[in-house]
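Peer 1: Quick one: the structure is below, and I'll ask about it shortly.
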Amino acid sequence: MLRRLHSYSTHKTIPAPRLTLLFFLFLSLSNHDSFVKARIFIYADCSQETYAPNSPFEENHNPLLASIVSSSSQAYYSSFAFGNGSSAPTEGICYGLYQCRGDLRITDCSRCIESAVTQISLACPYSYGAALQLESCYVRYENIDFLGMLDKKLKYIKCSKSVNNDVEFYKRRDDVLADLSTAMGFKVSSSGSVEGYAQCFGDLSSGDCSSCLADAVGRFKDLCGSAAAAAVYLGQCYARYWESGYYDLSSGLIHACFLIH
């Protein structure tokens with residue numbers, strides 16, 4: 001089950017004290033804007049199977065989410081397994097991971113993960129398995145061991161309006177996508193007016209990361225055609241590109257698809 005949540009310039013002299021104040025105000029607003037964008041909802045993926053309150057799974061699920069939040073103040077990625085001891089009941093085992101986008105500050109990573117953990121509990125209450133992707137971070141947990149298992153299922157894709165007969169754009173876009181397909185972890189790329197980034201989740205091997213990103217790049221061309229901007233999220237990697245002015249994909253949307261396994 002899937003749920004969605006829902007240059008102009010002028011010359012003017014500013015006295016030094018006001019300039020300093022305005023600078024810090026601008027810095028504060030910029031940081032706030034970055035933080036808000038980091039928490040933009042992308043998709044949630046919830047299993048249909050649910051667990052009962054006070055069940056063995058809940059006893060491990062809650063500490064796992066708490067550990068994810070705690071760890072995110074120290075690292076951009078980590079994975080966990082709770083209740084997998086030899087004497088523990090198998091129905092109580094809980095595996096999980098989180099990951100932040102590689103260009104995020106660690107403080108923003110932690111706050112993004114806090115938001116993701118709150119939202120995953122709201123979007124997927126009592127689900128045995130769930131994943132939630134925000135703009136800049138991701139959280140997933142399951143009652144089966146998925147860690148290190150390649151998953152290239154399409155979860156979400158979004159395409160902006162098309163760019164017609166712009167040979168230069170197509171060349172620049174293809175250069176960026178070719179570069180992103182070689183990412184190991186997080187990678188940013190640009191060519192002329194086209195920019196993009198891609199990331200694999202930290203539990204993937206280098207070979208599986210390459211395979212996942214190759215599939216993601218292929219989805220762009222198959223499903224988004226000549227879109228000026230696009231984003232695609234597979235099970236364990238994602239990529240997006242945009243031409244200047246289309247970073248947020250909010251303009252000229254032609255379609256958005258939400259898929260789950």
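In the structure tokens, each chain is lettered A, B, ... as it comes, each chain's residues begin at 1, and ligands are numbered from 1 in order of appearance.
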Considering only C-alpha atoms, give me a table of residues in region 129-245 of chain A that are at most 6 Å from region 44-54 of chain A, with the closest atom pair and distance in Å for each, as a tab-separated table.

Peer 2:
```
residue	atom	partner	partner_atom	distance
A:Gly129	CA	A:Ser47	CA	5.1
A:Ala130	CA	A:Cys46	CA	4.4
A:Ala131	CA	A:Asp45	CA	5.1
A:Leu132	CA	A:Ala44	CA	4.4
```

Peer 1: Near Asn165 (chain A), within 12 Å and counting only C-alpha atoms, which residues show up once chain neighbours fewer than 3 positions away are dropped, as a list in words?

Peer 2: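 Non-adjacent residues within range: Ser162, Glu168, Phe169, Tyr170, Lys171, Gly225, Ser226, Ala227 and Ala228 of chain A.
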
Peer 1: Just the helix (DSSP H, G or I) stuff from region 139-212 of chain A, please, per backbone DSSP, written as a list of chain:residue names.

Peer 2: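 Result set for region 139-212 of chain A (helix (DSSP H, G or I)): A:Val167, A:Glu168, A:Phe169, A:Tyr170, A:Lys171, A:Arg172, A:Arg173, A:Asp174, A:Asp175, A:Val176, A:Leu177, A:Ala178, A:Asp179, A:Leu180, A:Ser206, A:Gly207, A:Asp208, A:Cys209, A:Ser210, A:Ser211, A:Cys212.
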
Peer 1: Output the selection as a PDB file, in the first residue's frame - N, CA and C atoms for each residue.

Peer 2:
```pdb
ATOM      1  N   VAL A 167      18.959  19.915 -29.534  1.00  0.00           N
ATOM      2  CA  VAL A 167      20.052  18.955 -29.669  1.00  0.00           C
ATOM      3  C   VAL A 167      21.104  19.171 -28.595  1.00  0.00           C
ATOM      4  N   GLU A 168      21.407  20.429 -28.281  1.00  0.00           N
ATOM      5  CA  GLU A 168      22.413  20.719 -27.266  1.00  0.00           C
ATOM      6  C   GLU A 168      21.982  20.197 -25.900  1.00  0.00           C
ATOM      7  N   PHE A 169      20.698  20.368 -25.563  1.00  0.00           N
ATOM      8  CA  PHE A 169      20.199  19.858 -24.288  1.00  0.00           C
ATOM      9  C   PHE A 169      20.352  18.342 -24.211  1.00  0.00           C
ATOM     10  N   TYR A 170      19.946  17.633 -25.271  1.00  0.00           N
ATOM     11  CA  TYR A 170      20.044  16.177 -25.253  1.00  0.00           C
ATOM     12  C   TYR A 170      21.479  15.715 -25.034  1.00  0.00           C
ATOM     13  N   LYS A 171      22.419  16.406 -25.696  1.00  0.00           N
ATOM     14  CA  LYS A 171      23.827  16.032 -25.526  1.00  0.00           C
ATOM     15  C   LYS A 171      24.266  16.246 -24.089  1.00  0.00           C
ATOM     16  N   ARG A 172      23.932  17.423 -23.540  1.00  0.00           N
ATOM     17  CA  ARG A 172      24.324  17.717 -22.161  1.00  0.00           C
ATOM     18  C   ARG A 172      23.677  16.739 -21.184  1.00  0.00           C
ATOM     19  N   ARG A 173      22.393  16.468 -21.398  1.00  0.00           N
ATOM     20  CA  ARG A 173      21.697  15.535 -20.513  1.00  0.00           C
ATOM     21  C   ARG A 173      22.341  14.152 -20.551  1.00  0.00           C
ATOM     22  N   ASP A 174      22.626  13.663 -21.753  1.00  0.00           N
ATOM     23  CA  ASP A 174      23.223  12.339 -21.884  1.00  0.00           C
ATOM     24  C   ASP A 174      24.609  12.288 -21.243  1.00  0.00           C
ATOM     25  N   ASP A 175      25.368  13.395 -21.335  1.00  0.00           N
ATOM     26  CA  ASP A 175      26.672  13.457 -20.666  1.00  0.00           C
ATOM     27  C   ASP A 175      26.516  13.317 -19.153  1.00  0.00           C
ATOM     28  N   VAL A 176      25.532  14.020 -18.613  1.00  0.00           N
ATOM     29  CA  VAL A 176      25.295  13.968 -17.163  1.00  0.00           C
ATOM     30  C   VAL A 176      24.847  12.572 -16.747  1.00  0.00           C
ATOM     31  N   LEU A 177      23.910  11.987 -17.484  1.00  0.00           N
ATOM     32  CA  LEU A 177      23.411  10.662 -17.126  1.00  0.00           C
ATOM     33  C   LEU A 177      24.497   9.602 -17.227  1.00  0.00           C
ATOM     34  N   ALA A 178      25.354   9.709 -18.228  1.00  0.00           N
ATOM     35  CA  ALA A 178      26.463   8.759 -18.360  1.00  0.00           C
ATOM     36  C   ALA A 178      27.407   8.870 -17.176  1.00  0.00           C
ATOM     37  N   ASP A 179      27.641  10.095 -16.737  1.00  0.00           N
ATOM     38  CA  ASP A 179      28.519  10.305 -15.580  1.00  0.00           C
ATOM     39  C   ASP A 179      27.873   9.796 -14.302  1.00  0.00           C
ATOM     40  N   LEU A 180      26.579  10.046 -14.130  1.00  0.00           N
ATOM     41  CA  LEU A 180      25.892   9.600 -12.921  1.00  0.00           C
ATOM     42  C   LEU A 180      25.833   8.083 -12.824  1.00  0.00           C
ATOM     43  N   SER A 206      29.751  -2.391  -5.016  1.00  0.00           N
ATOM     44  CA  SER A 206      30.014  -1.484  -6.140  1.00  0.00           C
ATOM     45  C   SER A 206      29.382  -2.007  -7.421  1.00  0.00           C
ATOM     46  N   GLY A 207      29.424  -3.324  -7.627  1.00  0.00           N
ATOM     47  CA  GLY A 207      28.831  -3.899  -8.824  1.00  0.00           C
ATOM     48  C   GLY A 207      27.322  -3.743  -8.848  1.00  0.00           C
ATOM     49  N   ASP A 208      26.676  -3.970  -7.700  1.00  0.00           N
ATOM     50  CA  ASP A 208      25.222  -3.819  -7.628  1.00  0.00           C
ATOM     51  C   ASP A 208      24.811  -2.355  -7.749  1.00  0.00           C
ATOM     52  N   CYS A 209      25.639  -1.461  -7.227  1.00  0.00           N
ATOM     53  CA  CYS A 209      25.369  -0.027  -7.377  1.00  0.00           C
ATOM     54  C   CYS A 209      25.376   0.352  -8.847  1.00  0.00           C
ATOM     55  N   SER A 210      26.361  -0.102  -9.579  1.00  0.00           N
ATOM     56  CA  SER A 210      26.444   0.193 -11.018  1.00  0.00           C
ATOM     57  C   SER A 210      25.233  -0.355 -11.756  1.00  0.00           C
ATOM     58  N   SER A 211      24.822  -1.566 -11.403  1.00  0.00           N
ATOM     59  CA  SER A 211      23.673  -2.182 -12.046  1.00  0.00           C
ATOM     60  C   SER A 211      22.391  -1.405 -11.764  1.00  0.00           C
ATOM     61  N   CYS A 212      22.225  -0.966 -10.516  1.00  0.00           N
ATOM     62  CA  CYS A 212      21.041  -0.217 -10.123  1.00  0.00           C
ATOM     63  C   CYS A 212      20.977   1.125 -10.854  1.00  0.00           C
TER      64      CYS A 212
END
```

Peer 1: With distances taken over only C-alpha atoms, which of A:Gly185, A:Gly218, A:Gly85, A:Gly192 is nearest to Ser205 (chain A)?

Peer 2: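 Comparing A:Gly185, A:Gly218, A:Gly85, A:Gly192 against Ser205 (chain A), the winner is A:Gly185.
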
Peer 1: Could you jot down the CA of Leu122 (chain A) to CA of Tyr76 (chain A) separation for me, Å, one decimal place?

Peer 2: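 Going from CA of Leu122 (chain A) over to CA of Tyr76 (chain A) covers 23.2 Å.
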
Peer 1: In Å, rounded to a single decimal, give me how far CA of Ala216 (chain A) is from CA of Ser193 (chain A).

Peer 2: 21.2 Å

Peer 1: Quick one: of A:Leu64, A:Cys112, A:Cys237, A:Val217, who's nearest to Ile93 (chain A), counting only C-alpha atoms?

Peer 2: A:Leu64

Peer 1: Could you find all residues in region 64-128 of chain A that DSSP calls strand (DSSP E) from the backbone, and write them as a ChimeraX atom specification?

Peer 2: /A:77-82,94-100

Peer 1: Here is a test: counting only C-alpha atoms, which residue of A:Arg219, A:Arg240, A:Arg140, A:Arg101 is nearest to Lys152 (chain A)?

Peer 2: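 Checking each of A:Arg219, A:Arg240, A:Arg140, A:Arg101 against Lys152 (chain A), counting only C-alpha atoms, the winner is A:Arg219.
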
Peer 1: Report, in Å to a single decimal, how far apart CA of Ile113 (chain A) and CA of Leu134 (chain A) are.

Peer 2: 8.9 Å
